[in-house]
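Text of structure18.txt, listed as compact mmCIF, C-alpha atoms and all ligand atoms:
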```txt
# COMPACT_ATOMS: atom_id res chain seq x y z
CA MET A 733 31.78 6.69 16.25
CA ARG A 734 30.13 5.15 13.24
CA LYS A 735 26.66 5.05 11.75
CA PHE A 736 24.84 2.12 10.20
CA LYS A 737 21.83 2.34 7.97
CA CYS A 738 19.08 -0.23 7.49
CA SER A 739 19.10 -1.05 3.80
CA ILE A 740 15.42 -1.95 3.91
CA CYS A 741 13.83 1.11 5.49
CA GLY A 742 16.57 3.67 5.98
CA PHE A 743 16.64 3.66 9.80
CA ILE A 744 20.04 4.91 11.03
CA PHE A 745 21.75 3.46 14.05
CA GLU A 746 24.40 5.71 15.57
CA GLU A 747 26.95 4.16 17.88
CA ALA A 748 27.24 7.45 19.76
CA ALA A 749 23.54 7.56 20.53
CA GLY A 750 22.93 3.86 21.01
CA LEU A 751 19.36 2.67 21.35
CA PRO A 752 18.60 2.95 25.07
CA GLU A 753 14.97 1.87 24.65
CA LYS A 754 16.30 -1.44 23.31
CA GLY A 755 18.91 -1.72 26.03
CA ILE A 756 21.82 -0.56 23.86
CA SER A 757 23.64 2.17 25.72
CA PRO A 758 25.25 5.15 23.98
CA GLY A 759 28.74 4.41 22.72
CA THR A 760 28.15 0.69 22.14
CA LYS A 761 30.23 -0.59 19.23
CA TRP A 762 28.36 -2.17 16.32
CA GLU A 763 30.41 -5.37 16.71
CA ASP A 764 29.31 -5.66 20.31
CA ILE A 765 25.62 -5.66 19.48
CA SER A 766 24.10 -9.12 19.45
CA ALA A 767 23.52 -10.87 16.14
CA GLY A 768 19.85 -11.10 17.06
CA PHE A 769 19.51 -7.32 16.80
CA VAL A 770 16.70 -6.27 14.48
CA CYS A 771 15.82 -2.91 12.94
CA PRO A 772 13.42 -1.12 15.31
CA TRP A 773 11.41 0.22 12.38
CA CYS A 774 11.06 -2.70 10.00
CA GLY A 775 12.39 -5.76 11.78
CA ALA A 776 15.22 -6.38 9.31
CA SER A 777 18.11 -8.39 10.69
CA LYS A 778 21.49 -6.95 11.67
CA THR A 779 23.01 -8.15 8.41
CA ALA A 780 20.71 -5.80 6.48
CA PHE A 781 22.62 -2.82 7.91
CA VAL A 782 25.44 -1.11 6.03
CA GLU A 783 27.91 1.39 7.37
CA VAL A 784 27.30 4.98 6.34
CA SER A 785 30.58 6.53 5.24
CA GLU A 786 31.07 10.14 6.31
CA ASN A 787 32.98 11.34 3.28
CA VAL A 788 30.61 10.96 0.41
CA ALA A 789 32.79 9.17 -2.06
CA ALA A 790 31.91 9.79 -5.66
CA THR A 791 30.35 6.53 -6.70
CA VAL A 792 31.03 5.83 -10.32
CA PRO A 793 28.70 3.07 -11.42
CA ALA A 794 30.67 0.29 -13.01
CA ILE A 795 29.93 -0.10 -16.66
CA GLN A 796 28.56 -3.54 -17.10
CA GLN A 797 28.66 -5.46 -20.29
CA GLU A 798 25.12 -6.69 -20.80
CA GLY A 799 24.72 -10.22 -22.05
CA PRO A 800 21.98 -10.89 -24.56
CA VAL A 801 18.62 -10.11 -23.01
CA GLU A 802 16.62 -13.17 -22.16
CA GLN A 803 13.59 -13.60 -24.37
CA VAL A 804 10.46 -12.61 -22.51
CA GLY A 805 7.92 -14.08 -24.89
CA GLU A 806 4.26 -14.51 -24.11
CA PHE A 807 2.66 -13.61 -20.81
CA THR A 808 2.38 -16.48 -18.35
CA VAL A 809 -0.99 -17.12 -16.69
CA GLY A 810 0.49 -15.86 -13.42
CA GLU A 811 1.57 -12.60 -15.03
CA LEU A 812 -1.83 -12.13 -16.64
CA SER A 813 -3.66 -12.71 -13.39
CA ALA A 814 -1.58 -10.02 -11.69
CA LEU A 815 -1.74 -7.66 -14.65
CA PHE A 816 -5.54 -7.77 -14.62
CA SER A 817 -5.99 -7.59 -10.86
CA ASN A 818 -3.86 -4.45 -10.94
CA LEU A 819 -6.06 -2.94 -13.65
CA ALA A 820 -9.03 -3.71 -11.39
CA LYS A 821 -7.34 -1.61 -8.71
CA GLY A 822 -6.86 1.16 -11.25
CA CYS A 823 -10.60 1.13 -11.91
CA GLU A 824 -11.33 1.19 -8.21
CA LYS A 825 -9.26 4.37 -7.91
CA GLN A 826 -11.17 5.86 -10.80
CA HIS A 827 -14.45 4.92 -9.12
CA LEU A 828 -15.44 2.56 -11.91
CA PRO A 829 -16.93 -0.40 -10.00
CA GLU A 830 -18.34 -2.20 -13.02
CA GLU A 831 -15.04 -2.15 -14.90
CA MET A 832 -13.27 -3.21 -11.71
CA GLY A 833 -15.52 -6.27 -11.43
CA LEU A 834 -14.88 -7.27 -15.04
CA PHE A 835 -11.11 -7.00 -14.70
CA LEU A 836 -11.31 -9.10 -11.55
CA GLN A 837 -13.32 -11.69 -13.41
CA ILE A 838 -10.53 -11.99 -16.00
CA SER A 839 -7.87 -12.00 -13.29
CA ASP A 840 -9.70 -14.79 -11.44
CA TYR A 841 -9.96 -16.81 -14.62
CA TYR A 842 -6.16 -16.79 -14.87
CA ARG A 843 -5.76 -17.40 -11.16
CA SER A 844 -7.86 -20.53 -11.33
CA THR A 845 -6.00 -21.73 -14.45
CA MET A 846 -2.76 -21.25 -12.56
CA HIS A 847 -4.11 -23.06 -9.55
CA ALA A 848 -5.49 -26.01 -11.52
CA ALA A 849 -1.99 -26.55 -12.90
CA SER A 850 -0.48 -26.79 -9.44
CA ILE A 851 -3.02 -29.14 -7.87
CA ALA A 852 -2.04 -31.89 -10.29
CA LYS A 853 1.52 -32.14 -9.01
CA PRO A 854 2.36 -34.05 -5.85
CA ALA A 855 3.08 -32.27 -2.60
CA PRO A 856 6.71 -31.11 -2.37
CA GLU A 857 9.01 -33.40 -0.50
CA ASN A 858 11.24 -32.21 2.23
CA THR A 859 14.34 -32.35 0.06
CA TYR A 860 15.85 -29.20 1.47
CA ALA A 861 16.07 -30.67 4.93
CA ALA A 862 18.08 -33.60 3.62
CA GLU A 863 20.30 -31.38 1.50
CA SER A 864 21.14 -28.95 4.18
CA GLN A 865 21.67 -31.65 6.76
CA ALA A 866 24.28 -33.04 4.39
CA ALA A 867 25.75 -29.55 4.14
CA MET A 868 25.79 -29.26 7.91
CA LYS A 869 28.09 -32.22 8.23
CA ASP A 870 30.67 -30.47 6.07
CA ASP A 871 30.89 -27.03 7.58
CA GLY A 872 28.16 -25.66 9.75
CA PRO A 873 25.67 -23.26 8.21
CA PRO A 874 23.34 -22.99 6.41
CA ALA A 875 21.33 -24.51 9.19
CA ALA A 876 19.35 -27.60 8.43
CA SER A 877 15.77 -26.94 7.56
CA LEU A 878 13.16 -29.25 8.89
CA HIS A 879 10.71 -26.61 7.83
CA ASP A 880 10.69 -26.68 4.05
CA TYR A 881 7.18 -27.57 2.79
CA GLY A 882 8.18 -26.02 -0.54
CA PHE A 883 9.66 -22.77 0.80
CA HIS A 884 13.17 -23.73 -0.27
CA ALA A 885 12.23 -23.63 -3.96
CA VAL A 886 10.74 -20.17 -3.35
CA SER A 887 14.01 -19.03 -1.76
CA GLU A 888 15.95 -20.22 -4.78
CA LEU A 889 13.88 -18.13 -7.17
CA LEU A 890 14.08 -15.17 -4.83
CA ARG A 891 17.84 -15.47 -4.65
CA GLU A 892 18.00 -15.27 -8.44
CA ASP A 893 15.90 -12.11 -8.43
CA LEU A 894 18.20 -10.55 -5.87
CA SER A 895 21.46 -11.59 -7.49
CA ASP A 896 20.49 -10.95 -11.08
CA GLY A 897 16.97 -9.82 -11.99
CA PHE A 898 16.94 -6.58 -10.03
CA ALA A 899 20.42 -5.55 -11.14
CA LYS A 900 19.51 -5.98 -14.81
CA ALA A 901 16.18 -4.21 -14.45
CA ASN A 902 17.76 -1.35 -12.52
CA ARG A 903 20.41 -0.86 -15.18
CA ALA A 904 17.90 -0.90 -18.03
CA SER A 905 15.59 1.54 -16.21
CA ALA A 906 18.42 3.87 -15.23
CA ALA A 907 19.70 3.92 -18.80
CA GLU A 908 16.25 5.03 -20.01
CA ARG A 909 15.71 7.33 -17.03
CA ASP A 910 12.46 5.50 -16.41
CA ARG A 911 11.87 6.73 -12.89
CA GLY A 912 8.50 5.01 -12.62
CA ALA A 913 10.17 1.69 -13.25
CA LEU A 914 12.97 2.57 -10.83
CA ARG A 915 10.40 3.36 -8.16
CA ALA A 916 8.75 -0.04 -8.54
CA LEU A 917 12.17 -1.69 -8.44
CA VAL A 918 13.27 0.14 -5.29
CA TRP A 919 10.14 -1.03 -3.51
CA SER A 920 10.10 -4.59 -4.70
CA GLU A 921 13.82 -5.08 -4.15
CA LYS A 922 13.47 -4.01 -0.51
CA VAL A 923 10.37 -6.15 -0.06
CA SER A 924 12.23 -9.08 -1.64
CA ARG A 925 15.29 -8.70 0.56
CA MET A 926 13.11 -8.65 3.65
CA ALA A 927 11.18 -11.69 2.37
CA GLY A 928 14.50 -13.45 1.84
CA SER A 929 15.45 -12.86 5.43
CA HIS A 930 12.06 -14.14 6.64
CA LEU A 931 12.51 -17.27 4.52
CA ASP A 932 15.99 -17.86 5.91
CA ARG A 933 14.68 -17.54 9.44
CA TYR A 934 11.76 -19.80 8.66
CA ALA A 935 14.13 -22.43 7.26
CA ARG A 936 16.06 -22.38 10.54
CA GLU A 937 13.32 -21.97 13.09
CA GLY A 938 10.06 -22.88 11.37
CA ASP A 939 6.76 -21.82 12.90
CA ALA A 940 8.60 -20.55 15.99
CA ILE A 941 9.36 -17.28 14.18
CA LEU A 942 5.67 -16.45 14.30
CA GLU A 943 5.05 -17.46 17.87
CA ASN A 944 3.49 -14.49 19.69
CA THR A 945 3.95 -12.44 16.54
CA LYS A 946 1.45 -10.86 14.22
CA VAL A 947 1.83 -10.89 10.45
CA TYR A 948 1.02 -7.92 8.24
CA VAL A 949 1.34 -7.30 4.51
CA CYS A 950 1.40 -3.78 3.09
CA ASP A 951 -1.46 -3.50 0.58
CA ILE A 952 0.57 -1.12 -1.54
CA CYS A 953 4.09 -2.54 -1.84
CA GLY A 954 3.75 -6.06 -0.41
CA PHE A 955 6.16 -5.57 2.51
CA VAL A 956 5.76 -8.40 5.00
CA TYR A 957 6.00 -7.19 8.59
CA LEU A 958 6.38 -9.70 11.41
CA GLY A 959 5.82 -8.00 14.73
CA ASN A 960 3.29 -6.65 17.12
CA ASP A 961 4.00 -2.93 17.05
CA LEU A 962 3.15 -1.83 13.58
CA PRO A 963 5.23 1.20 12.53
CA GLU A 964 3.27 4.42 11.76
CA VAL A 965 4.00 4.09 8.07
CA CYS A 966 5.14 1.21 5.91
CA PRO A 967 8.95 1.08 6.20
CA VAL A 968 9.27 0.59 2.45
CA CYS A 969 6.61 2.65 0.64
CA LYS A 970 5.69 4.96 3.55
CA VAL A 971 1.94 4.53 3.22
CA PRO A 972 0.07 5.05 6.53
CA ASN A 973 -0.22 1.80 8.43
CA TYR A 974 -3.97 1.40 8.04
CA LYS A 975 -3.01 0.11 4.58
CA MET A 976 -1.10 -2.74 6.17
CA THR A 977 -3.41 -5.73 6.45
CA GLN A 978 -3.08 -8.34 9.13
CA ILE A 979 -2.98 -11.96 7.97
CA GLY A 980 -4.80 -14.27 10.35
CA ARG A 981 -4.38 -17.95 11.12
CA ARG A 982 -6.69 -20.42 9.47
CA MET B 1256 -16.26 15.56 -14.42
CA PRO B 1257 -18.28 14.18 -11.51
CA ALA B 1258 -17.18 14.77 -7.92
CA VAL B 1259 -16.15 11.81 -5.75
CA ARG B 1260 -15.61 11.67 -2.01
CA ASN B 1261 -12.90 9.73 -0.22
CA ILE B 1262 -14.74 8.51 2.87
CA ARG B 1263 -11.48 7.84 4.67
CA LEU B 1264 -10.48 11.49 4.51
CA CYS B 1265 -13.94 12.91 5.11
CA THR B 1266 -14.25 14.43 8.59
CA LYS B 1267 -18.01 14.93 8.25
CA ASP B 1268 -17.87 18.71 8.57
CA CYS B 1269 -20.58 18.94 6.00
CA MET B 1270 -19.49 22.01 4.02
CA CYS B 1271 -20.20 20.03 0.88
CA LEU B 1272 -23.80 19.64 1.96
CA TYR B 1273 -24.27 23.40 2.19
CA VAL B 1274 -22.58 24.37 -1.05
CA CYS B 1275 -23.83 21.69 -3.40
CA PRO B 1276 -26.42 23.22 -5.75
CA SER B 1277 -27.87 19.86 -6.72
CA GLY B 1278 -28.08 17.89 -3.48
CA ALA B 1279 -25.66 15.32 -4.93
CA THR B 1280 -23.45 15.30 -1.84
CA ASP B 1281 -26.23 14.38 0.59
CA THR B 1282 -26.71 10.62 0.31
CA GLU B 1283 -27.39 7.78 2.72
CA ASN B 1284 -24.22 5.90 1.76
CA SER B 1285 -21.78 8.84 1.59
CA VAL B 1286 -21.18 8.26 -2.12
CA ILE B 1287 -21.80 11.43 -4.15
CA ASP B 1288 -24.70 10.91 -6.54
CA VAL B 1289 -23.17 10.97 -10.02
CA GLU B 1290 -26.54 11.45 -11.69
CA LYS B 1291 -27.29 14.59 -9.71
CA CYS B 1292 -23.81 16.07 -9.74
CA ILE B 1293 -23.43 19.00 -12.16
CA LYS B 1294 -20.28 17.98 -13.98
CA GLY B 1295 -17.43 20.40 -13.56
CA CYS B 1296 -19.13 22.50 -10.86
CA ARG B 1297 -16.48 21.70 -8.18
CA ALA B 1298 -18.11 23.84 -5.45
CA CYS B 1299 -17.77 20.97 -2.95
CA VAL B 1300 -14.15 20.31 -3.91
CA ASP B 1301 -13.18 23.88 -3.03
CA ALA B 1302 -15.29 24.00 0.12
CA CYS B 1303 -14.23 20.73 1.70
CA PRO B 1304 -11.89 21.45 4.62
CA SER B 1305 -10.40 17.96 4.51
CA GLY B 1306 -9.44 17.63 0.88
CA ALA B 1307 -11.76 14.65 0.71
CA ILE B 1308 -13.44 15.42 -2.61
CA SER B 1309 -11.94 15.41 -6.06
CA LEU B 1310 -13.25 15.68 -9.59
CA LEU B 1311 -12.79 12.68 -11.82
CA PRO B 1312 -11.35 13.48 -15.23
CA ASP B 1313 -13.48 12.79 -18.31
CA ALA B 1314 -10.53 11.53 -20.30
CA TYR B 1315 -7.01 10.31 -19.66
CA PRO B 1316 -3.84 11.11 -21.60
CA PRO B 1317 -1.88 8.31 -23.25
CA GLN B 1318 0.50 6.42 -20.96
CA GLN B 1319 4.15 7.35 -20.86
CA PRO B 1320 5.99 5.43 -23.55
CA LYS B 1321 8.08 2.52 -22.28
CA LYS B 1322 11.29 1.11 -23.69
CA GLU B 1323 11.38 -2.58 -24.44
CA THR B 1324 14.66 -3.11 -22.60
CA VAL B 1325 12.89 -1.86 -19.47
CA THR B 1326 9.63 -3.71 -19.92
CA ASP B 1327 11.42 -6.97 -20.72
CA ALA B 1328 13.48 -6.78 -17.54
CA LEU B 1329 10.46 -5.85 -15.42
CA ARG B 1330 8.40 -8.63 -16.93
CA LEU B 1331 11.03 -11.25 -16.16
CA LEU B 1332 10.98 -10.16 -12.54
CA ALA B 1333 7.18 -10.10 -12.48
CA ARG B 1334 7.18 -13.61 -13.90
CA SER B 1335 9.42 -14.79 -11.10
CA LYS B 1336 7.20 -13.09 -8.51
CA ALA B 1337 4.11 -14.66 -10.05
CA ALA B 1338 5.78 -18.08 -9.87
CA GLN B 1339 6.65 -17.49 -6.21
CA GLU B 1340 3.07 -16.38 -5.58
CA LYS B 1341 1.83 -19.65 -6.97
CA MET B 1342 4.35 -21.77 -5.06
CA THR B 1343 3.48 -20.12 -1.77
CA ALA B 1344 -0.23 -20.36 -2.59
CA ASP B 1345 0.28 -24.12 -2.85
CA ILE B 1346 1.88 -24.17 0.60
CA MET B 1347 -1.08 -22.12 1.81
CA GLU B 1348 -3.24 -25.12 0.87
CA SER B 1349 -0.96 -27.96 1.91
CA GLY B 1350 1.06 -26.53 4.83
CA PRO B 1351 1.03 -28.71 7.93
CA SER B 1352 0.04 -26.07 10.48
CA SER B 1353 -2.05 -22.93 10.61
CA VAL B 1354 1.14 -20.95 11.23
CA THR B 1355 2.87 -22.36 8.14
CA ARG B 1356 -0.21 -21.55 6.10
CA GLN B 1357 -0.35 -18.05 7.56
CA PHE B 1358 3.27 -17.41 6.64
CA ALA B 1359 2.67 -18.81 3.15
CA GLU B 1360 -0.40 -16.62 2.71
CA ALA B 1361 1.57 -13.50 3.61
CA MET B 1362 4.33 -14.45 1.17
CA SER B 1363 1.83 -15.22 -1.55
CA LYS B 1364 0.03 -11.93 -1.15
CA SER B 1365 3.33 -10.07 -1.07
CA ASN B 1366 4.43 -11.65 -4.33
CA ARG B 1367 1.13 -10.83 -6.01
CA LEU B 1368 1.53 -7.18 -5.03
CA MET B 1369 5.09 -7.02 -6.36
CA ALA B 1370 4.07 -8.71 -9.62
CA GLU B 1371 1.20 -6.25 -10.02
CA ASP B 1372 3.44 -3.26 -9.48
CA LEU B 1373 6.16 -4.50 -11.86
CA LEU B 1374 3.60 -5.25 -14.57
CA ARG B 1375 1.91 -1.93 -14.17
CA GLU B 1376 5.26 -0.22 -14.74
CA SER B 1377 5.89 -2.35 -17.80
CA GLY B 1378 3.26 -0.52 -19.80
CA TYR B 1379 -0.06 -1.57 -18.29
CA MET B 1380 -0.80 1.16 -15.81
CA LEU B 1381 -3.89 2.83 -17.22
CA PRO B 1382 -7.00 0.70 -17.78
CA GLN B 1383 -8.08 2.94 -20.68
CA SER B 1384 -4.71 2.82 -22.46
CA GLU B 1385 -4.01 1.62 -25.99
CA GLU B 1386 -1.80 -1.09 -24.51
CA VAL B 1387 -4.59 -2.56 -22.37
CA ARG B 1388 -7.09 -2.31 -25.22
CA GLY B 1389 -4.67 -4.10 -27.49
CA LEU B 1390 -4.19 -6.90 -24.99
CA LEU B 1391 -7.95 -7.30 -24.43
CA GLU B 1392 -8.56 -7.31 -28.18
CA SER B 1393 -5.96 -9.98 -28.83
CA LEU B 1394 -7.41 -12.12 -26.05
CA THR B 1395 -10.96 -11.86 -27.38
CA LYS B 1396 -9.75 -12.74 -30.88
CA SER B 1397 -8.13 -16.00 -29.89
CA PRO B 1398 -9.38 -16.73 -26.37
CA PRO B 1399 -7.88 -19.59 -24.37
CA GLU B 1400 -10.31 -22.26 -23.22
CA GLY B 1401 -12.83 -20.98 -20.72
CA PHE B 1402 -11.70 -17.34 -21.07
CA PRO B 1403 -14.46 -14.89 -20.08
CA THR B 1404 -14.71 -13.28 -23.52
CA ASP B 1405 -17.94 -11.47 -22.54
CA ALA B 1406 -16.13 -9.64 -19.76
CA ALA B 1407 -13.32 -8.55 -22.07
CA GLU B 1408 -15.73 -7.37 -24.75
CA LYS B 1409 -17.79 -5.45 -22.23
CA LEU B 1410 -14.61 -3.81 -20.94
CA LEU B 1411 -13.63 -2.71 -24.43
CA ILE B 1412 -16.97 -0.94 -24.76
CA LEU B 1413 -17.00 0.59 -21.27
CA LEU B 1414 -13.38 1.73 -21.34
CA GLY B 1415 -13.91 3.29 -24.76
CA LYS B 1416 -16.26 5.76 -23.08
CA THR B 1417 -13.65 7.19 -20.72
CA THR B 1418 -10.68 7.31 -23.09
S1 LIG A 1501 -17.07 18.89 3.17
FE1 LIG A 1501 -15.51 17.30 3.01
S2 LIG A 1501 -15.16 16.67 5.11
FE2 LIG A 1501 -17.10 17.78 5.10
S3 LIG A 1501 -18.67 16.22 4.82
FE3 LIG A 1501 -18.14 16.98 2.82
S4 LIG A 1501 -16.57 15.57 2.10
FE4 LIG A 1501 -16.72 15.29 4.28
S1 LIG A 1502 -19.37 19.23 -8.00
FE1 LIG A 1502 -21.03 20.65 -7.52
S2 LIG A 1502 -22.88 19.51 -8.07
FE2 LIG A 1502 -21.25 18.02 -7.97
S3 LIG A 1502 -21.39 17.24 -5.90
FE3 LIG A 1502 -19.89 18.92 -5.85
S4 LIG A 1502 -21.08 20.73 -5.30
FE4 LIG A 1502 -22.52 19.14 -5.90
ZN ZN A 1503 14.75 -1.14 8.84
ZN ZN A 1504 4.34 -0.52 1.73
```
Target format structure tokens, applied to this file:
Amino acid sequence: MRKFKCSICGFIFEEAAGLPEKGISPGTKWEDISAGFVCPWCGASKTAFVEVSENVAATVPAIQQEGPVEQVGEFTVGELSALFSNLAKGCEKQHLPEEMGLFLQISDYYRSTMHAASIAKPAPENTYAAESQAAMKDDGPPAASLHDYGFHAVSELLREDLSDGFAKANRASAAERDRGALRALVWSEKVSRMAGSHLDRYAREGDAILENTKVYVCDICGFVYLGNDLPEVCPVCKVPNYKMTQIGRR
Amino acid sequence: MPAVRNIRLCTKDCMCLYVCPSGATDTENSVIDVEKCIKGCRACVDACPSGAISLLPDAYPPQQPKKETVTDALRLLARSKAAQEKMTADIMESGPSSVTRQFAEAMSKSNRLMAEDLLRESGYMLPQSEEVRGLLESLTKSPPEGFPTDAAEKLLILLGKTT
């Protein structure tokens, strides 16, 4: 009997034990569980699970030849807005309300600059729908998205983070033993993977994925939880769930 | 080193009211009165059964040094998250239904939080740090149009007091 671990939150599914409360009886094979299975803790899809191997094989990290590091250059307005809103939070923790307000003022300045830039450009067209319908004709998935509204472009960026950005940052941080950086990367990579799976579902099913479902965002790590039974603690950063804020409909 | 109370942890057992020699803990809004608090006394911190009170430090040590290879990689990710925040914020405005906008809002907020965390780990964690001062100073020297220079200058003065 095998075990499978949720790569987002660490929940372990054991074939031997099953998950009777979800109607999966003990001894059920992983292959026989429906593709619609989701992690009971965090809601991640079945594909987010990886088999846990019993014999702990010594994992020798492959030595990667780093290409030239991309030039980072100046801060973007988006970066500055986030940098300053985070400093405002730092002041809040230090009980410095006046300083907090001033950092927020700077953060908001950059936020409005960023926003002004985006209002000028026309609303995104539903290009993804057309593209993926074309793809559908060839060979099935990815499913056509009639629900783009600009989300497809977000998915593309996210895919780059997941295929490239996190790997590079993890290697650089591990090489310097920067455990603070590694901590931030562990959280944001999990949050990103989960966001990627939400975006994929949204592209297929649109607003239906949120029918009868509440939406929460963890105030600490940004984990997006879609579901009605909030777990006790955030599946990613483990903060108590009163720090997970519900997003309403407007 | 004034005492501060975390209202969320406070179970209102009121030990701090009995032990405080200055009456600083007894206030109508549950916030310990900084003016009254005898700095460094810590009687309430030790007496609180809920671990709800702590003493704020007077000064902070320098931040941990960061390597450029790390901060560059973190910043590139933060930049991507900030871009995704903006893109989803646009959908939050233009989305066709309240559900679409709700989903976009959650994504936007999530991206902001990730960007914040990645930037904080790329050398901008402590508000009083050299790094933050340096950034504020460079912004006040050559401010972009409409930049709230007053706020940045005020911060430089205020943060100087707690370094
Ligand atoms: S002693 Fe602690 S728990 Fe009791 S009232 Fe004071 S802060 Fe609250
Ligand atoms: S540190 Fe001392 S003076 Fe200050 S609030 Fe606590 S008991 Fe009162
Ligand atoms: Zn999970
Ligand atoms: Zn979290």
(Q) Give me, as a ChimeraX atom specification, the set of residues whose atoms come within 9 Å of any atom of ligand ZN 1504 (chain A), counting only C-alpha atoms and all ligand atoms. (A) /A:919,923,949-956,965-973,975-976
Q. Neighbours of ligand LIG 1502 (chain A) within 10 Å, counting all atoms listed in the file, as a PyMOL selection string?
A. chain B and resi 1256-1260+1270-1281+1286-1303+1308-1310
Q.
Report, in Å to a single decimal, how far apart atom CA of B:Glu1340 and atom CA of A:Leu890 are.
A.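 Atom-to-atom, atom CA of A:Leu890 and atom CA of B:Glu1340 are spaced 11.1 Å apart.
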Q.
Can you tell me which residues surround A:Arg843 at a distance of at most 12 Å, considering all atoms listed in the file, apart from same-chain residues fewer than 6 positions away, and format the answer as a PyMOL selection string?
A. (chain A and resi 808-817+836-837+849-850) or (chain B and resi 1337-1338+1340-1341+1344+1367+1402)
Q) Mind listing as a list of chain:residue names all residues within 8 Å of (-13.8, 17.6, 8.1), counting all atoms listed in the file? A) B:Leu1264, B:Cys1265, B:Thr1266, B:Lys1267, B:Asp1268, B:Cys1269, B:Cys1303, B:Pro1304, B:Ser1305
Q) So how many Å separate atom CA of A:Ser905 and atom CA of B:Met1380, to one decimal? A) 16.4 Å
(Q) Is it possible to get the residues within 8 Å of (7.1, -22.9, 2.6) (coordinates as in the file, counting all atoms listed in the file) written as a PyMOL selection string? (A) (chain A and resi 879-884+886) or (chain B and resi 1343+1346+1350+1355+1358-1359)
How would you report the residues lying within 10 Å of ligand ZN 1503 (chain A), as a PDB file with C-alpha atoms, keeping the file's coordinate frame, if you count all atoms listed in the file?
```pdb
ATOM      1  CA  LYS A 737      21.830   2.340   7.970  1.00  0.00           C
ATOM      2  CA  CYS A 738      19.080  -0.230   7.490  1.00  0.00           C
ATOM      3  CA  SER A 739      19.100  -1.050   3.800  1.00  0.00           C
ATOM      4  CA  ILE A 740      15.420  -1.950   3.910  1.00  0.00           C
ATOM      5  CA  CYS A 741      13.830   1.110   5.490  1.00  0.00           C
ATOM      6  CA  GLY A 742      16.570   3.670   5.980  1.00  0.00           C
ATOM      7  CA  PHE A 743      16.640   3.660   9.800  1.00  0.00           C
ATOM      8  CA  ILE A 744      20.040   4.910  11.030  1.00  0.00           C
ATOM      9  CA  PHE A 745      21.750   3.460  14.050  1.00  0.00           C
ATOM     10  CA  VAL A 770      16.700  -6.270  14.480  1.00  0.00           C
ATOM     11  CA  CYS A 771      15.820  -2.910  12.940  1.00  0.00           C
ATOM     12  CA  PRO A 772      13.420  -1.120  15.310  1.00  0.00           C
ATOM     13  CA  TRP A 773      11.410   0.220  12.380  1.00  0.00           C
ATOM     14  CA  CYS A 774      11.060  -2.700  10.000  1.00  0.00           C
ATOM     15  CA  GLY A 775      12.390  -5.760  11.780  1.00  0.00           C
ATOM     16  CA  ALA A 776      15.220  -6.380   9.310  1.00  0.00           C
ATOM     17  CA  SER A 777      18.110  -8.390  10.690  1.00  0.00           C
ATOM     18  CA  LYS A 778      21.490  -6.950  11.670  1.00  0.00           C
ATOM     19  CA  ALA A 780      20.710  -5.800   6.480  1.00  0.00           C
ATOM     20  CA  PHE A 781      22.620  -2.820   7.910  1.00  0.00           C
ATOM     21  CA  LYS A 922      13.470  -4.010  -0.510  1.00  0.00           C
ATOM     22  CA  MET A 926      13.110  -8.650   3.650  1.00  0.00           C
ATOM     23  CA  PRO A 967       8.950   1.080   6.200  1.00  0.00           C
ATOM     24  CA  VAL A 968       9.270   0.590   2.450  1.00  0.00           C
TER      25      VAL A 968
END
```
Q. Do you know which residues are at most 9 Å from B:Thr1326 counting only C-alpha atoms, after dropping those on the same chain fewer than 5 positions away, and could you put them as a PyMOL selection string?
A. (chain A and resi 901+904-905+913) or (chain B and resi 1321+1331+1373-1374+1376-1378)
Q.
Using all atoms listed in the file for the distances, tell me which of A:Met733, A:Leu958, A:Val782, A:Leu834 is nearest to chain B.
A.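 Closest to chain B, using all atoms listed in the file: A:Leu834.
Picture a line from atom CA of A:Tyr948 to atom CA of A:Glu964; it runs 13.0 Å.
Contact shell of B:Pro1317 at 10 Å (all atoms listed in the file; same-chain neighbours under 6 positions omitted): Leu1381, Gln1383, Ser1384, Glu1385, Glu1386 and Thr1418 of chain B.
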Selected residues written out with C-alpha atoms, as a short mmCIF file (atom, residue, chain, number, x, y, z; two decimals), in the coordinates of the input:
```cif
data_model
loop_
_atom_site.label_atom_id
_atom_site.label_comp_id
_atom_site.auth_asym_id
_atom_site.auth_seq_id
_atom_site.Cartn_x
_atom_site.Cartn_y
_atom_site.Cartn_z
CA LEU B 1381 -3.89 2.83 -17.22
CA GLN B 1383 -8.08 2.94 -20.68
CA SER B 1384 -4.71 2.82 -22.46
CA GLU B 1385 -4.01 1.62 -25.99
CA GLU B 1386 -1.80 -1.09 -24.51
CA THR B 1418 -10.68 7.31 -23.09
#
```
Take every atom of ligand LIG 1501 (chain A) listed in the file, pad by 3 Å on each side, and give me the axis-aligned box centre and edge lengths in Å, one decimal, as JSON.
```
{"center_x": -16.9, "center_y": 17.1, "center_z": 3.6, "size_x": 9.5, "size_y": 9.6, "size_z": 9.0}
```
**Q.** For B:Thr1395: contacts at 12 Å, only C-alpha atoms, fewer than 2 positions along chain excluded, given as a list in words
**A.** Ile838 of chain A; Arg1388, Gly1389, Leu1390, Leu1391, Glu1392, Ser1393, Ser1397, Pro1398, Pro1399, Glu1400, Gly1401, Phe1402, Pro1403, Thr1404, Asp1405, Ala1406, Ala1407, Glu1408, Lys1409, Leu1410 and Leu1411 of chain B
Q: Tell me which of A:Arg911, A:Gly928, A:Leu819, A:Phe736 sits closest to A:Glu786, counting all atoms listed in the file.
A: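 Checking each candidate against A:Glu786, we get A:Phe736 as the closest.
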